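See below for input-v8.txt, which holds compact mmCIF, C-alpha atoms and all ligand atoms.
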# COMPACT_ATOMS: atom_id res chain seq x y z
CA MET C 780 10.31 -8.32 16.90
CA PRO C 781 7.93 -6.13 14.95
CA ALA C 782 4.78 -7.94 13.92
CA GLU C 783 4.62 -5.92 10.75
CA LEU C 784 7.22 -3.99 8.87
CA LYS C 785 5.60 -0.73 7.91
CA ARG C 786 6.59 1.04 4.74
CA THR C 787 7.87 4.56 4.92
CA TYR C 788 7.91 5.30 1.24
CA GLY C 789 5.98 3.71 -1.59
CA THR C 790 6.41 2.36 -5.06
CA ARG C 791 5.88 4.61 -8.03
CA ALA C 792 3.46 2.13 -9.47
CA ALA C 793 1.27 3.06 -12.36
CA THR C 794 -1.76 2.15 -10.33
CA ARG C 795 -0.94 4.25 -7.31
CA PRO C 796 -3.36 7.01 -6.43
CA LEU C 797 -2.15 10.40 -7.61
CA LEU C 798 -0.77 12.77 -5.04
CA PRO C 799 -2.82 15.89 -4.67
CA SER C 800 -0.80 19.04 -5.14
CA SER C 801 -2.92 21.33 -3.08
CA PRO C 802 -2.69 20.27 0.55
CA THR C 803 -2.52 23.53 2.43
CA SER C 804 -2.01 22.16 5.86
CA GLU C 805 0.03 19.27 7.10
CA LEU C 806 -2.23 19.07 10.09
CA THR C 807 -5.45 18.45 8.25
CA THR C 808 -4.20 16.42 5.33
CA PRO C 809 -4.21 12.68 5.92
CA PRO C 810 -0.91 11.03 5.09
CA PRO C 811 -0.76 9.90 1.47
CA PRO C 812 -0.49 6.22 0.68
CA LYS C 813 2.93 4.95 1.62
CA ARG C 814 4.92 4.01 -1.38
CA LYS C 815 8.44 3.46 -2.50
CA ARG C 816 10.51 4.06 -5.59
CA PRO C 817 12.24 1.17 -7.24
CA PHE C 818 16.04 1.20 -7.36
CA THR C 819 16.27 2.06 -11.03
CA ASP C 820 13.54 4.62 -10.79
CA ARG C 821 15.49 7.82 -10.59
CA PRO C 822 18.91 7.80 -12.12
CA THR C 823 20.45 11.22 -11.76
CA GLU C 824 20.30 11.93 -15.47
CA GLN C 825 16.55 11.53 -15.41
CA ASN C 826 16.32 14.15 -12.73
CA THR C 827 18.00 16.69 -14.90
CA PRO C 828 15.39 18.97 -16.29
CA THR C 829 14.99 18.48 -19.99
CA LYS C 830 12.89 20.41 -22.39
CA LYS C 831 9.87 18.36 -23.14
CA ALA C 832 7.02 19.03 -25.44
CA ARG C 833 4.22 20.42 -23.38
CA ARG C 834 1.26 18.19 -23.25
CA THR C 835 -1.74 20.21 -24.26
CA LEU C 836 -5.07 19.39 -25.67
CA LYS C 837 -3.86 20.84 -28.96
CA ALA C 838 -0.66 18.82 -29.11
CA GLU C 839 -1.89 16.37 -31.70
CA PRO C 840 -2.23 17.84 -35.19
CA LYS C 841 -5.80 17.65 -36.28
CA LEU C 842 -6.70 16.06 -39.55
CA LYS C 843 -8.78 18.27 -41.73
CA ALA C 844 -11.24 16.88 -44.25
CA GLY C 845 -9.28 15.97 -47.34
CA ASP C 846 -5.89 15.73 -45.55
CA LYS C 847 -3.74 12.79 -46.55
CA LEU C 848 -1.44 10.89 -44.28
CA LYS C 849 2.13 11.35 -45.50
CA GLY C 850 4.26 8.34 -46.39
CA ASN C 851 1.53 5.87 -45.69
CA SER C 852 -0.84 4.81 -48.38
CA LYS C 853 -2.82 2.70 -45.96
CA GLN C 854 -5.47 4.79 -44.25
CA PRO C 855 -5.50 3.83 -40.54
CA LYS C 856 -8.81 3.31 -38.92
CA LEU C 857 -9.68 6.50 -37.09
CA THR C 858 -11.69 6.34 -33.92
CA GLN C 859 -13.81 9.20 -32.75
CA LEU C 860 -12.64 10.24 -29.29
CA HIS C 861 -14.93 12.01 -26.91
CA PHE C 862 -13.66 14.20 -24.11
CA SER C 863 -15.09 16.93 -22.07
CA LEU C 864 -13.20 20.21 -21.95
CA ASP C 865 -14.71 20.85 -18.54
CA THR C 866 -12.86 17.90 -17.03
CA PRO C 867 -9.75 19.08 -15.20
CA THR C 868 -6.55 17.56 -16.55
CA LEU C 869 -4.50 15.87 -13.91
CA ARG C 870 -0.81 15.92 -14.76
CA THR C 871 2.11 14.26 -13.00
CA CYS C 872 5.33 16.21 -13.34
CA PRO C 873 8.21 13.96 -14.36
CA LEU C 874 10.72 16.18 -12.53
CA CYS C 875 9.13 16.36 -9.09
CA ASP C 876 6.50 13.60 -9.34
CA LEU C 877 3.74 15.89 -8.10
CA SER C 878 0.30 15.49 -9.59
CA TYR C 879 -1.67 18.67 -10.04
CA THR C 880 -4.58 20.04 -11.97
CA ARG C 881 -3.40 21.72 -15.10
CA GLY C 882 -5.11 25.01 -15.70
CA ALA C 883 -6.05 25.57 -12.05
CA PRO C 884 -4.01 28.68 -11.09
CA ASP C 885 -3.54 27.66 -7.43
CA ASP C 886 -2.39 24.20 -8.38
CA GLU C 887 -0.08 25.46 -11.10
CA ALA C 888 1.53 27.95 -8.71
CA LEU C 889 1.90 25.36 -6.00
CA HIS C 890 3.51 22.95 -8.40
CA LYS C 891 5.89 25.57 -9.79
CA ALA C 892 7.18 26.43 -6.32
CA HIS C 893 7.47 22.78 -5.25
CA CYS C 894 9.20 21.77 -8.49
CA ALA C 895 11.81 24.52 -8.09
CA ARG C 896 12.53 23.40 -4.52
CA VAL C 897 12.92 19.75 -5.53
CA GLN C 898 15.35 20.65 -8.29
CA ARG C 899 17.30 23.57 -6.87
CA GLY C 900 16.65 23.63 -3.12
CA LEU C 901 15.30 26.28 -0.77
CA GLU C 902 16.69 29.72 -0.07
CA TRP C 903 18.65 30.12 3.18
CA GLY C 904 18.31 33.86 3.49
CA LYS C 905 19.86 36.61 5.57
CA GLU C 906 17.04 36.44 8.10
CA GLU C 907 17.51 32.75 8.70
CA GLN C 908 21.24 33.32 9.09
CA ARG C 909 20.70 36.17 11.55
CA GLU C 910 18.43 33.95 13.66
CA ALA C 911 20.78 31.01 13.36
CA VAL C 912 23.43 32.80 15.35
CA LYS C 913 20.99 33.59 18.16
CA ALA C 914 19.24 30.20 18.11
CA GLY C 915 22.47 28.27 18.50
CA VAL C 916 22.55 26.61 15.08
CA GLU C 917 25.88 24.81 14.92
CA GLU C 918 28.13 25.10 11.91
CA LEU C 919 29.77 21.71 11.70
CA GLN C 920 31.77 22.20 8.50
CA SER C 921 32.58 25.32 6.57
CA ASN C 922 33.99 26.02 3.13
CA VAL C 923 33.39 22.46 1.98
CA LYS C 924 34.45 21.93 -1.62
CA LEU C 925 32.24 19.63 -3.68
CA ARG C 926 33.25 17.44 -6.60
CA ASN C 927 32.10 20.05 -9.13
CA GLY C 928 34.06 22.84 -7.45
CA ALA C 929 31.04 24.41 -5.72
CA ARG C 930 31.34 25.26 -2.05
CA GLY C 931 29.06 24.99 0.92
CA ARG C 932 28.76 24.25 4.62
CA VAL C 933 27.02 21.87 6.99
CA ILE C 934 24.82 23.13 9.80
CA CYS C 935 22.85 21.33 12.48
CA PHE C 936 20.00 22.19 14.83
CA ARG C 937 17.10 20.70 16.74
CA PRO C 938 13.64 20.81 15.11
CA ASP C 939 12.10 22.74 18.03
CA ILE C 940 14.13 25.80 17.04
CA GLY C 941 11.23 28.24 16.36
CA GLY C 942 11.10 31.46 14.35
CA LYS C 943 12.05 31.81 10.68
CA ILE C 944 14.21 28.70 10.72
CA ALA C 945 11.30 26.59 11.98
CA ALA C 946 9.10 27.98 9.20
CA LYS C 947 11.77 27.16 6.64
CA LEU C 948 12.18 23.68 8.09
CA ALA C 949 8.43 23.09 7.80
CA VAL C 950 8.54 23.93 4.08
CA LEU C 951 11.61 21.76 3.61
CA LEU C 952 10.05 18.77 5.36
CA GLU C 953 6.85 19.20 3.36
CA THR C 954 8.87 19.31 0.14
CA ILE C 955 10.62 16.09 1.16
CA ARG C 956 7.33 14.52 2.19
CA LEU C 957 5.82 15.22 -1.22
CA ALA C 958 8.96 14.17 -3.08
CA LEU C 959 9.14 10.86 -1.24
CA SER C 960 5.38 10.41 -0.89
CA SER C 961 6.07 9.63 2.72
CA PRO C 962 3.89 10.39 5.73
CA PRO C 963 4.79 13.51 7.70
CA LEU C 964 7.35 13.02 10.45
CA SER C 965 5.39 12.80 13.67
CA PRO C 966 6.07 15.25 16.52
CA ALA C 967 7.25 12.28 18.59
CA VAL C 968 9.89 11.42 15.99
CA LEU C 969 10.92 15.06 15.56
CA ARG C 970 11.37 15.44 19.32
CA ARG C 971 14.06 12.78 19.16
CA SER C 972 15.72 14.18 16.06
CA LYS C 973 18.39 16.55 14.85
CA ILE C 974 18.38 18.26 11.46
CA TYR C 975 21.52 18.40 9.32
CA LEU C 976 21.52 20.74 6.31
CA PHE C 977 23.94 21.33 3.48
CA LEU C 978 23.97 25.00 2.47
CA LEU C 979 25.35 25.61 -1.00
CA ALA C 980 26.96 28.98 -1.63
CA THR C 981 26.08 30.78 -4.84
CA PRO C 982 28.42 33.72 -5.31
CA GLY C 983 26.47 36.75 -6.59
CA ILE C 984 27.54 40.19 -7.78
CA SER C 985 27.04 41.95 -4.46
CA SER C 986 26.80 39.07 -1.98
CA THR C 987 26.89 35.31 -1.71
CA ARG C 988 23.53 33.62 -1.47
CA GLU C 989 22.92 30.25 0.12
CA LYS C 990 20.52 27.43 -0.67
CA ILE C 991 19.51 24.40 1.34
CA VAL C 992 20.30 21.61 -1.11
CA GLY C 993 20.61 18.65 1.24
CA CYS C 994 18.86 17.47 4.40
CA VAL C 995 19.37 14.57 6.75
CA VAL C 996 17.05 13.98 9.69
CA ALA C 997 18.73 11.85 12.33
CA GLN C 998 16.54 10.23 14.98
CA ARG C 999 17.46 8.65 18.32
CA ILE C 1000 16.35 5.04 18.17
CA SER C 1001 16.87 1.94 20.24
CA THR C 1002 16.84 -1.03 17.91
CA ALA C 1003 17.12 -1.93 14.23
CA MET C 1004 17.49 -5.04 12.10
CA ALA C 1005 20.56 -6.17 10.18
CA ILE C 1006 20.29 -6.32 6.39
CA ALA C 1007 20.66 -9.83 4.99
CA ARG C 1008 23.56 -10.45 2.65
CA PRO C 1009 22.70 -11.45 -0.95
CA ALA C 1010 23.86 -15.03 -0.30
CA GLU C 1011 21.53 -15.28 2.68
CA VAL C 1012 18.62 -13.95 0.59
CA SER C 1013 19.31 -16.45 -2.20
CA ALA C 1014 19.55 -19.30 0.30
CA ALA C 1015 16.28 -18.32 1.94
CA LEU C 1016 14.50 -17.78 -1.37
CA SER C 1017 15.65 -21.05 -2.83
CA SER C 1018 14.56 -23.11 0.14
CA PRO C 1019 11.39 -25.17 -0.46
CA SER C 1020 9.57 -23.60 2.46
CA SER C 1021 9.87 -20.18 0.88
CA SER C 1022 8.15 -21.11 -2.34
CA GLN C 1023 4.72 -20.32 -0.96
CA THR C 1024 5.75 -17.23 0.92
CA GLN C 1025 7.10 -14.94 -1.71
CA PRO C 1026 7.78 -11.45 -0.44
CA SER C 1027 5.00 -9.01 -0.91
CA GLU C 1028 4.54 -5.30 -0.40
CA THR C 1029 3.46 -5.20 3.23
CA ILE C 1030 2.95 -8.37 5.12
CA THR C 1031 3.27 -9.52 8.65
CA SER C 1032 6.39 -11.29 9.72
CA SER C 1033 4.53 -14.49 10.40
CA GLN C 1034 3.28 -14.50 6.83
CA SER C 1035 6.41 -13.30 5.21
CA THR C 1036 9.48 -14.72 6.85
CA LEU C 1037 11.55 -16.80 4.54
CA SER C 1038 13.00 -19.84 6.19
CA SER C 1039 15.58 -22.11 4.76
CA SER C 1040 14.79 -25.40 6.38
CA GLN C 1041 17.70 -27.40 7.66
CA ASP C 1042 17.20 -30.25 5.24
CA SER C 1043 16.98 -28.04 2.13
CA SER C 1044 20.74 -27.93 1.52
CA GLU C 1045 24.02 -28.43 3.26
CA SER C 1046 24.67 -24.69 3.24
CA SER C 1047 21.61 -24.05 5.36
CA ALA C 1048 22.85 -25.86 8.44
CA VAL C 1049 21.91 -22.68 10.32
CA PRO C 1050 18.28 -21.78 9.60
CA VAL C 1051 17.92 -18.36 8.03
CA THR C 1052 14.71 -16.48 8.66
CA LEU C 1053 14.36 -13.22 6.83
CA LEU C 1054 11.83 -10.45 6.75
CA PRO C 1055 11.21 -8.73 3.40
CA VAL C 1056 11.53 -4.96 3.42
CA ASP C 1057 11.35 -4.34 -0.30
CA SER C 1058 11.28 -7.16 -2.77
CA SER C 1059 11.85 -4.80 -5.73
CA THR C 1060 15.31 -3.95 -4.40
CA ASN C 1061 15.82 -7.41 -2.91
CA LEU C 1062 16.09 -5.95 0.56
CA TYR C 1063 15.59 -8.41 3.40
CA VAL C 1064 16.47 -8.17 7.06
CA HIS C 1065 17.17 -10.50 9.92
CA PRO C 1066 14.20 -9.82 12.20
CA GLN C 1067 16.15 -9.86 15.47
CA PRO C 1068 16.19 -6.33 16.94
CA LEU C 1069 19.74 -5.18 17.63
CA PRO C 1070 20.68 -2.19 19.80
CA THR C 1071 21.23 0.74 17.40
CA PRO C 1072 21.55 4.40 18.44
CA MET C 1073 20.83 6.45 15.31
CA GLY C 1074 18.13 6.21 12.65
CA ILE C 1075 17.74 8.22 9.45
CA PRO C 1076 14.04 8.73 8.76
CA ARG C 1077 14.57 11.28 5.94
CA LEU C 1078 17.39 11.93 3.51
CA PHE C 1079 17.07 14.32 0.60
CA VAL C 1080 19.27 16.19 -1.86
CA SER C 1081 17.77 18.50 -4.48
CA SER C 1082 17.93 16.88 -7.89
CA GLU C 1083 20.37 19.32 -9.53
CA HIS C 1084 22.91 18.64 -6.79
CA ARG C 1085 22.90 14.87 -6.59
CA ARG C 1086 25.96 12.64 -6.95
CA LEU C 1087 28.24 15.30 -5.52
CA GLY C 1088 28.67 13.54 -2.20
CA ILE C 1089 26.25 15.80 -0.31
CA ALA C 1090 24.16 13.00 1.24
CA SER C 1091 27.26 11.09 2.30
CA ARG C 1092 28.80 14.20 3.82
CA LEU C 1093 25.62 14.97 5.80
CA LEU C 1094 25.39 11.37 7.00
CA THR C 1095 29.01 11.43 8.13
CA ALA C 1096 28.42 14.72 9.95
CA ALA C 1097 25.37 13.20 11.65
CA ALA C 1098 27.23 10.03 12.66
CA GLU C 1099 30.10 12.07 14.09
CA THR C 1100 28.02 14.55 16.09
CA PHE C 1101 24.61 13.02 16.84
CA ILE C 1102 25.67 11.79 20.27
CA LEU C 1103 28.02 14.23 21.93
CA GLY C 1104 31.45 12.70 22.47
CA CYS C 1105 30.49 9.38 20.92
CA PRO C 1106 31.13 9.19 17.17
CA LEU C 1107 29.02 6.52 15.52
CA SER C 1108 30.16 4.11 12.84
CA PRO C 1109 27.82 2.88 10.10
CA ALA C 1110 30.15 -0.03 9.33
CA ARG C 1111 29.83 -1.15 12.97
CA GLY C 1112 26.02 -1.12 12.78
CA ASP C 1113 25.39 2.12 14.67
CA VAL C 1114 23.17 3.62 11.95
CA ALA C 1115 19.85 2.50 10.49
CA PHE C 1116 17.62 3.74 7.68
CA THR C 1117 13.87 3.45 7.49
CA GLN C 1118 12.78 1.57 4.43
CA PRO C 1119 15.05 3.11 1.82
CA THR C 1120 14.22 4.15 -1.72
CA GLY C 1121 16.33 2.76 -4.57
CA ALA C 1122 18.75 5.69 -4.43
CA GLY C 1123 18.61 5.57 -0.63
CA LYS C 1124 19.64 1.93 -0.73
CA ALA C 1125 22.54 2.79 -3.05
CA VAL C 1126 23.69 5.44 -0.57
CA LEU C 1127 23.35 3.17 2.44
CA GLU C 1128 25.41 0.53 0.66
CA ALA C 1129 28.10 2.94 -0.55
CA TRP C 1130 28.30 5.07 2.59
CA GLY C 1131 27.40 2.41 5.13
CA LYS C 1132 29.91 -0.16 3.90
CA GLY C 1133 27.49 -3.01 4.51
CA GLY C 1134 26.77 -2.16 8.15
CA VAL C 1135 23.65 -0.01 7.88
CA ARG C 1136 20.51 -1.50 9.42
CA ILE C 1137 16.77 -1.02 8.91
CA TYR C 1138 14.25 0.24 11.48
CA GLU C 1139 10.70 1.49 11.80
CA GLU C 1140 10.60 5.18 12.55
CA GLU C 1141 7.34 5.07 14.51
CA GLY C 1142 8.15 1.79 16.22
CA ASN C 1143 11.21 3.28 17.88
CA ILE C 1144 9.72 6.02 20.02
C1 LIG R 1201 19.26 9.43 -2.18
C2 LIG R 1201 19.89 10.81 -2.28
C3 LIG R 1201 19.67 11.51 -0.95
C4 LIG R 1201 21.39 10.68 -2.54
O1 LIG R 1201 21.98 11.96 -2.44
P1 LIG R 1201 23.40 12.28 -3.13
O2 LIG R 1201 23.90 13.52 -2.52
O3 LIG R 1201 23.24 12.25 -4.59
O4 LIG R 1201 24.28 11.03 -2.67
P2 LIG R 1201 25.87 10.94 -2.69
O5 LIG R 1201 26.40 11.83 -3.77
O6 LIG R 1201 26.41 11.13 -1.34
O7 LIG R 1201 26.04 9.43 -3.15
C5 LIG R 1201 26.97 8.56 -2.52
C6 LIG R 1201 27.05 7.25 -3.27
O8 LIG R 1201 25.79 6.58 -3.22
C7 LIG R 1201 25.54 5.92 -4.47
N1 LIG R 1201 24.38 6.56 -5.14
C8 LIG R 1201 23.75 7.70 -4.80
N2 LIG R 1201 22.69 7.94 -5.60
C9 LIG R 1201 22.66 6.92 -6.48
C10 LIG R 1201 21.78 6.59 -7.57
N3 LIG R 1201 20.75 7.37 -7.90
N4 LIG R 1201 22.03 5.47 -8.26
C11 LIG R 1201 23.08 4.67 -7.94
N5 LIG R 1201 23.95 4.92 -6.91
C12 LIG R 1201 23.73 6.03 -6.20
C13 LIG R 1201 26.79 6.13 -5.30
O9 LIG R 1201 27.66 5.04 -5.01
C14 LIG R 1201 27.32 7.42 -4.74
O10 LIG R 1201 28.71 7.56 -4.94
P3 LIG R 1201 29.27 8.06 -6.38
O11 LIG R 1201 28.47 9.26 -6.78
O12 LIG R 1201 30.70 8.36 -6.08
O13 LIG R 1201 29.07 6.91 -7.32
C15 LIG R 1201 19.25 11.62 -3.44
O14 LIG R 1201 19.34 10.87 -4.62
C16 LIG R 1201 17.80 11.96 -3.19
O15 LIG R 1201 17.48 12.90 -2.48
N6 LIG R 1201 16.87 11.19 -3.79
C17 LIG R 1201 15.44 11.40 -3.65
C18 LIG R 1201 15.01 11.15 -2.24
C19 LIG R 1201 15.41 9.79 -1.75
O16 LIG R 1201 15.29 8.81 -2.44
N7 LIG R 1201 15.89 9.74 -0.48
C20 LIG R 1201 16.36 8.52 0.14
C21 LIG R 1201 15.38 8.09 1.15
S1 LIG R 1201 15.95 6.60 1.93
ZN ZN R 1202 7.45 19.39 -11.15
Mind converting the file's structure to structure tokens?
Amino acid sequence: MPAELKRTYGTRAATRPLLPSSPTSELTTPPPPKRKRPFTDRPTEQNTPTKKARRTLKAEPKLKAGDKLKGNSKQPKLTQLHFSLDTPTLRTCPLCDLSYTRGAPDDEALHKAHCARVQRGLEWGKEEQREAVKAGVEELQSNVKLRNGARGRVICFRPDIGGKIAAKLAVLLETIRLALSSPPLSPAVLRRSKIYLFLLATPGISSTREKIVGCVVAQRISTAMAIARPAEVSAALSSPSSSQTQPSETITSSQSTLSSSQDSSESSAVPVTLLPVDSSTNLYVHPQPLPTPMGIPRLFVSSEHRRLGIASRLLTAAAETFILGCPLSPARGDVAFTQPTGAGKAVLEAWGKGGVRIYEEEGNI
């Protein structure tokens, strides 16, 4: 049983430290604070780019001497604000969640590139395709038709592939890392993983171009924990012994397990001990480790292509092919997620039909 359930992603809390936009190397940058998005955090509509008034220092109209406030006879009390124009303005982009220094050319450029990747995906060019054939990238599904009529295909390869594809994968994983504010996937995890990509075809005038718009990393694991049903969570939370041990962000199992004592109600004839994973999404697990072959440490679909079934399709492809000759079933408990985001939890519930488990990506090596 894990002594402590580590978080993979973190909450988008107002107080969280801002993510720097300029890390140039994954190797030298310490992992950012682990955080997780609440369930309601990113409905698809909010991820659709909308034109917003640019926030600039000049955005507020200045009152000149003698100006009158329209439609309000009461003069509000004006406060003199002091700010230094030398202070760099840190801005958090609502579309990609990256914080960067406005006005710093390097930061602006870095943000622009990252933001485009988060929304529209990464180019899968001719060179990658040429190498794919040689490197043994498998095409698992071709000419897949999505809900909106667009077409694409599913490919799969191991992360130790090398060449142009490895370079592209590094950018993709860094994009996902920044988007999820998660730590980088360790080499040990990657060694036990397979990468599944959804390539969307964009027909052009002369040729069809492809973009990586979805990614699932599937990791070989040994054990995971079963997710508690809502009734079990309510029973555990309502038991008297749980009143002093409310779930918190990251706590050890000894501090955090919720127990429904046998005398608390007739329904708790069998004691229920649960471990909180994320109280904001009411996600609790039974701490007993159960044999589980496949874990999903990362799952990402670019924001303009969400709710088209891409994540589910990639997960199904992973479950069917991860272990050669042994198709896995999420409903049977063969698949686990690391601590899921709100949208991730929605996918695991919809796709996993109640059988998906939870595991620690670094605790399963
Ligand atoms: C989570 C994510 C990968 C889902 O990708 P997707 O391709 O949009 O997922 P699917 O279209 O396969 O969704 C399957 C089902 O999951 C549920 N679902 C997915 N996203 C949801 C959301 N934001 N809110 C509510 N339900 C959602 C729905 O039931 C959906 O079926 P429906 O569209 O027919 O209603 C994508 O939103 C994403 O990349 N988010 C940011 C990164 C992230 O949170 N990753 C998860 C880490 S655990
Ligand atoms: Zn952005």
Q: Counting all atoms listed in the file, select every polymer residue within 12 Å of (15.5, 32.0, 4.3) as defined in the file's coordinates, and provide the selection as a count of residues only.
A: 27
Q: Just give me the gap between CA of Glu1083 (chain C) and CA of Val992 (chain C) in Å, one decimal is fine.
A: 8.7 Å
Q: Pick out the residues no farther than 8 Å from ligand ZN 1202 (chain R), counting all atoms listed in the file, and list them as a ChimeraX atom specification.
A: /C:871-877,890-891,893-895,897
Q) Which residue gives the smallest distance to Tyr1138 (chain C) among C:Gln998, C:Ser1013, C:Ser1059, C:Thr987, with only C-alpha atoms counted? A)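 The shortest atom-to-atom distance to Tyr1138 (chain C) comes from C:Gln998.
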Q: For ligand LIG 1201 (chain R), collect every residue having any atom at a distance of at most 7 Å from a ligand atom (counting all atoms listed in the file); output as a ChimeraX atom specification.
A: /C:821-823,958-959,1077-1082,1084-1092,1116-1126,1129-1130
Emit the selected residues as a PDB file, keeping the file's coordinate frame, including C-alpha atoms.
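Full text of out-v6.pdb as output:
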ATOM      1  CA  ARG C 821      15.490   7.820 -10.590  1.00  0.00           C
ATOM      2  CA  PRO C 822      18.910   7.800 -12.120  1.00  0.00           C
ATOM      3  CA  THR C 823      20.450  11.220 -11.760  1.00  0.00           C
ATOM      4  CA  ALA C 958       8.960  14.170  -3.080  1.00  0.00           C
ATOM      5  CA  LEU C 959       9.140  10.860  -1.240  1.00  0.00           C
ATOM      6  CA  ARG C1077      14.570  11.280   5.940  1.00  0.00           C
ATOM      7  CA  LEU C1078      17.390  11.930   3.510  1.00  0.00           C
ATOM      8  CA  PHE C1079      17.070  14.320   0.600  1.00  0.00           C
ATOM      9  CA  VAL C1080      19.270  16.190  -1.860  1.00  0.00           C
ATOM     10  CA  SER C1081      17.770  18.500  -4.480  1.00  0.00           C
ATOM     11  CA  SER C1082      17.930  16.880  -7.890  1.00  0.00           C
ATOM     12  CA  HIS C1084      22.910  18.640  -6.790  1.00  0.00           C
ATOM     13  CA  ARG C1085      22.900  14.870  -6.590  1.00  0.00           C
ATOM     14  CA  ARG C1086      25.960  12.640  -6.950  1.00  0.00           C
ATOM     15  CA  LEU C1087      28.240  15.300  -5.520  1.00  0.00           C
ATOM     16  CA  GLY C1088      28.670  13.540  -2.200  1.00  0.00           C
ATOM     17  CA  ILE C1089      26.250  15.800  -0.310  1.00  0.00           C
ATOM     18  CA  ALA C1090      24.160  13.000   1.240  1.00  0.00           C
ATOM     19  CA  SER C1091      27.260  11.090   2.300  1.00  0.00           C
ATOM     20  CA  ARG C1092      28.800  14.200   3.820  1.00  0.00           C
ATOM     21  CA  PHE C1116      17.620   3.740   7.680  1.00  0.00           C
ATOM     22  CA  THR C1117      13.870   3.450   7.490  1.00  0.00           C
ATOM     23  CA  GLN C1118      12.780   1.570   4.430  1.00  0.00           C
ATOM     24  CA  PRO C1119      15.050   3.110   1.820  1.00  0.00           C
ATOM     25  CA  THR C1120      14.220   4.150  -1.720  1.00  0.00           C
ATOM     26  CA  GLY C1121      16.330   2.760  -4.570  1.00  0.00           C
ATOM     27  CA  ALA C1122      18.750   5.690  -4.430  1.00  0.00           C
ATOM     28  CA  GLY C1123      18.610   5.570  -0.630  1.00  0.00           C
ATOM     29  CA  LYS C1124      19.640   1.930  -0.730  1.00  0.00           C
ATOM     30  CA  ALA C1125      22.540   2.790  -3.050  1.00  0.00           C
ATOM     31  CA  VAL C1126      23.690   5.440  -0.570  1.00  0.00           C
ATOM     32  CA  ALA C1129      28.100   2.940  -0.550  1.00  0.00           C
ATOM     33  CA  TRP C1130      28.300   5.070   2.590  1.00  0.00           C
TER      34      TRP C1130
END
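Distance annotation: of C:Val1064, C:Ile1102, C:Ala1097, C:Ala888, the residue with the minimal separation from Arg1136 (chain C) is C:Val1064; atom set is all atoms listed in the file.
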Please give the centre and size of the box around region 896-908 of chain C (axis-aligned, containing every atom listed in the file, 3 Å added per side), with values in Å to one decimal and written as JSON.
{"center_x": 16.9, "center_y": 28.2, "center_z": 0.4, "size_x": 14.7, "size_y": 22.9, "size_z": 23.4}
Q: Find the residue from C:Leu919, C:Leu889, C:Leu925, C:Val995 that sits nearest to Met1073 (chain C); use only C-alpha atoms when measuring.
A: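 Smallest distance to Met1073 (chain C) is found for C:Val995.
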Q: May I ask for the distance between CA of Arg899 (chain C) and CA of Leu1094 (chain C), given in Å to one decimal place?
A: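 CA of Leu1094 (chain C) lies 20.2 Å from CA of Arg899 (chain C).
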Q. Which residue gives the smallest distance to Ala1110 (chain C) among C:Ile940, C:Ala1005, C:Ile1144, C:Ala892, with all atoms listed in the file counted?
A.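 Nearest to Ala1110 (chain C): C:Ala1005.
When CA of Glu1139 (chain C) is paired with CA of Pro1076 (chain C), their separation reads 8.5 Å.
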**Q.** Residues within 7 Å of (24.4, 19.0, 6.9), counting only C-alpha atoms, listed as JSON, numbers by chain
**A.** {"C": [933, 934, 935, 975, 976, 977, 993, 994, 995, 1093, 1096]}
Q.
List as an NGL selection string the protein and nucleic acid residues near Arg999 (chain C), meaning an atom at most 12 Å away when all atoms listed in the file are counted, but skip any in the same chain fewer than 2 places from it.
A. :C and (967-974 or 996-997 or 1001-1003 or 1070-1076 or 1097-1098 or 1101-1102 or 1113-1116 or 1138-1144)
Q. Which is closest to Gln920 (chain C) among C:Gly1104, C:Ile955, C:Ser986, C:Glu1099, if we use only C-alpha atoms?
A. C:Glu1099
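Distances from C:Val1012, C:Ser1017, C:Gly983, C:Ala929 to Ser1058 (chain C) were compared using only C-alpha atoms, and the smallest one belongs to C:Val1012.
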